[in-house]
Amino acid sequence: MKKYILKRVMISIVTLLVILLVLFLMLEFMPGSPFNDEKLTDSQRAIINAKYGLDQPILMRFMNYIKAMLSGDFGVSYTISKNTPITALLETRLPISLRIGGQAILIGTIIGLILGIIAAIKHNTIYDTITTVISVIGVSLPSYVFAMALIYALGFRLKWFPLLYQMEAPLYSSIMPTISLCMFTVATVARFTRTEMLEVLGSEYMLLAESKGLNNFQLIFKHALRNALIPIITVLAPLVVGLMTGSLVIEKLFSIPGIGSLLVSAIQSNDYNVVVALTFIYSIMYIGIMLVVDILYGVIDPRIRLAKGEEHE
Amino acid sequence: MNNTEFEFAPEDFKLVGAEKISRVDEAFPSKPIWKEVLTRFAQNKGAVVGIIFIIIVLTMAIAGPHMAGHTYESQIITHQNLAPRIPGLEKIGVFNGTEKMHTSTGTVIQNKYISEDPSVPTGLEKIYYWFGTDVLGRDIFTRTWTGTRISLYIALVAVIVDMCFGMIYGLVSGYFGGKVDMVLQRFSEILNGIPTLVIVTLLILVFKPGLVTITIALAITGWIGMSRIARAQVLKLKEQEFILASKTLGAKNLFIIFKEILPNIFGQLIIMSMFSIPNAIFTEAFLAFIGLGVPAPLASLGSLISDAFKSFTTHPYMIVFPVIVLAIIMLSFNMMADGLRDAFDPKMKEM
């Protein structure tokens, strides 16, 4: 087990280093330098280079770069909000994105679980069909289509919810973004739960439990669901990816001041430092979640880590 | 009660024919595997509907841009914001060029094709825009099908990347095993650890947004899933006797990989590559929506939706058709891939 965890951690660290290296090299070889003013003399340039550490060998600079990135020093923004440290930008934006992402994944998982359980219990009935249709549509339509449908129907025509995110009413105005963001989660979780539940419900230990005279509630929640839930950890990684990409569009549509909309506007206005910082943050979140998922899965199901261990030796 | 015993008469018994016994041994003709797959596929309603829709969309993507007599970039300034109008259907009251506008001052119903005062003709009475026109006076019908071409091109790229990169990578990694496998697997694991979003973002910083950038992004990340499946399949096959026999006869490694192993797993790999199509189309539509897709005036479904969104509270019809076409493409590819997988190997669910 220790060896398995160590290996996963090593791979994660190397991945992070690769990302940092790519970011660093892009910074190095991007054309143009902030100090290409012709009025600067050679000695002035040398002083500037020394001040910013540009006279050191490239390996040292890379080390410094890693140190700065890991300590959260991302530099300043160029165009989006001039000369503001990016850390200050992130301070207000990151919590909003995390909260809406968290809401979406929580609500999406709960609804998805309920739908999946109903579909499995009432297999081959109208409920099953409805769930299948919902999950196929949820996987097939981009989240911005749901968002636009909600904006038009509930926001514009019925005027139930505000069209844009409001800082004064963070919960109320985040209802529509959360719903559109969680559709993908609902669909994936429902589909997966249904397949797993059907498999468990058909197993012999469920027949035994039933013949012992357990009631339906105990059967489904104590015996079936607990076993069906284990493999659901595997879908966590694609869900996180879906949320990350989804959040970019959703935050833009609802004007949510989060990191997704920041990334979009940074790309559009070529604010290189901001893009790099956000890229790094997205990577860290993704790598961290992948690492946790892998380790959790190894803990819960020993077959996984044994199989993976064997393969590599 | 009647207890009289009765005796069996010879007529009570029937001779069981010898020919009935021999039927037990009847040999069923073995069906070729593709025929069996085809039968199972044809029984799957969703998959068949999916394939029919894909064929329709494909035909429209080829023919559509030439049908209306406009090009994706041609604009007629006087024809701005015209609602959909289809000959024939207009007589029964739908798609007759009328649109309901919900503005802050109230609801207005107007038809820009026909003026209310017959003495002042609009000059548009004989003009039909099937899907309407956008704010710049371009034909949405032509633009939608031009955009569909881009989505289908992306689908093609996804399959090619899977087949060229992913398959060969997986085959080599699985077949050679040992150190080669270790290095290749570590490499793909690291690459897999980088979110696609990040790769696309970085590519856009270096290159300009456009089809080339999206193609490169797909080429970098799209093949990893396929390489894993190919590798797993090779691991299953490579210890089998026929491979050993081939080795004993002196076959070279490349020959074994491509002539002995590949034909056995090619069908499965093709089917798995179908699953990367919806993902790729999704990525493109998403990038186009945040303005990183094909540059204007070229249109993809994502950029059409994005453009129409800007005026969709006043002219909702502009957004409806691109969304419907995108939904049809995504749904049909998903259903077809599901159906193909189930038909090919009913046990291979959720891979």
# chains A, B, ... in the order shown; residues from 1 in each chain; ligands from 1
>>> select_by_dssp(residues="region 139-341 of chain B", states="helix (DSSP H, G or I)", output="VMD selection string")
chain B and resid 140 to 176 178 to 193 196 to 206 211 to 221 224 to 237 241 to 248 253 to 274 276 to 289 301 to 309 317 to 341
>>> interface_residues(of="chain A", to="chain B", cutoff="6 Å", atoms="only C-alpha atoms", output="VMD selection string")
chain A and resid 15 140 to 141 279 287
>>> residues_around(residues="Leu340 (chain B)", least_positions_apart="3", cutoff="9 Å", atoms="only C-alpha atoms", output="list in words")
Val37, Leu38, Arg40, Phe41, Ala47, Ile271, Met272, Met274, Met335, Met336, Ala337, Ala343, Phe344 and Asp345 of chain B
>>> write_last_selection(atoms="C-alpha atoms", output="short mmCIF file (atom, residue, chain, number, x, y, z; two decimals), in the first residue's frame")
data_model
loop_
_atom_site.label_atom_id
_atom_site.label_comp_id
_atom_site.auth_asym_id
_atom_site.auth_seq_id
_atom_site.Cartn_x
_atom_site.Cartn_y
_atom_site.Cartn_z
CA VAL B 37 -23.02 -7.80 -34.83
CA LEU B 38 -25.18 -6.31 -37.57
CA ARG B 40 -27.76 -7.09 -32.80
CA PHE B 41 -27.12 -3.54 -33.95
CA ALA B 47 -28.58 3.11 -32.46
CA ILE B 271 -15.94 1.08 -31.92
CA MET B 272 -14.17 2.55 -28.92
CA MET B 274 -16.57 6.30 -31.76
CA MET B 335 -26.45 6.49 -29.30
CA MET B 336 -24.60 4.98 -32.23
CA ALA B 337 -21.46 4.40 -30.20
CA ALA B 343 -23.74 -5.13 -30.48
CA PHE B 344 -20.10 -6.01 -30.70
CA ASP B 345 -19.65 -7.27 -27.19
#
>>> residues_around(residues="Ser174 (chain A)", least_positions_apart="3", cutoff="10 Å", atoms="only C-alpha atoms", output="ChimeraX atom specification")
/A:96,99-100,103-104,161-167,169-171,177-179,254,256
>>> residues_around(residues="region 145-152 of chain B", least_positions_apart="4", cutoff="7 Å", atoms="only C-alpha atoms", output="PDB file with C-alpha atoms, in the first residue's frame")
ATOM      1  CA  MET B  60     -27.141  18.294 -45.195  1.00  0.00           C
ATOM      2  CA  ALA B  61     -23.583  19.254 -44.321  1.00  0.00           C
ATOM      3  CA  GLY B  64     -26.913  22.412 -47.241  1.00  0.00           C
ATOM      4  CA  PRO B  65     -24.464  25.264 -47.867  1.00  0.00           C
ATOM      5  CA  TYR B  72     -21.672  31.590 -45.080  1.00  0.00           C
ATOM      6  CA  PHE B 141     -29.522  28.018 -42.867  1.00  0.00           C
ATOM      7  CA  LEU B 156     -12.998  12.852 -38.247  1.00  0.00           C
ATOM      8  CA  ILE B 281     -17.282  17.885 -30.836  1.00  0.00           C
ATOM      9  CA  ALA B 299     -19.036  29.731 -38.526  1.00  0.00           C
ATOM     10  CA  SER B 300     -19.058  26.662 -36.341  1.00  0.00           C
ATOM     11  CA  LEU B 301     -22.094  25.527 -34.394  1.00  0.00           C
TER      12      LEU B 301
END
>>> atom_distance(atom1="CA of Ile175 (chain A)", atom2="CA of Val241 (chain A)")
21.0 Å
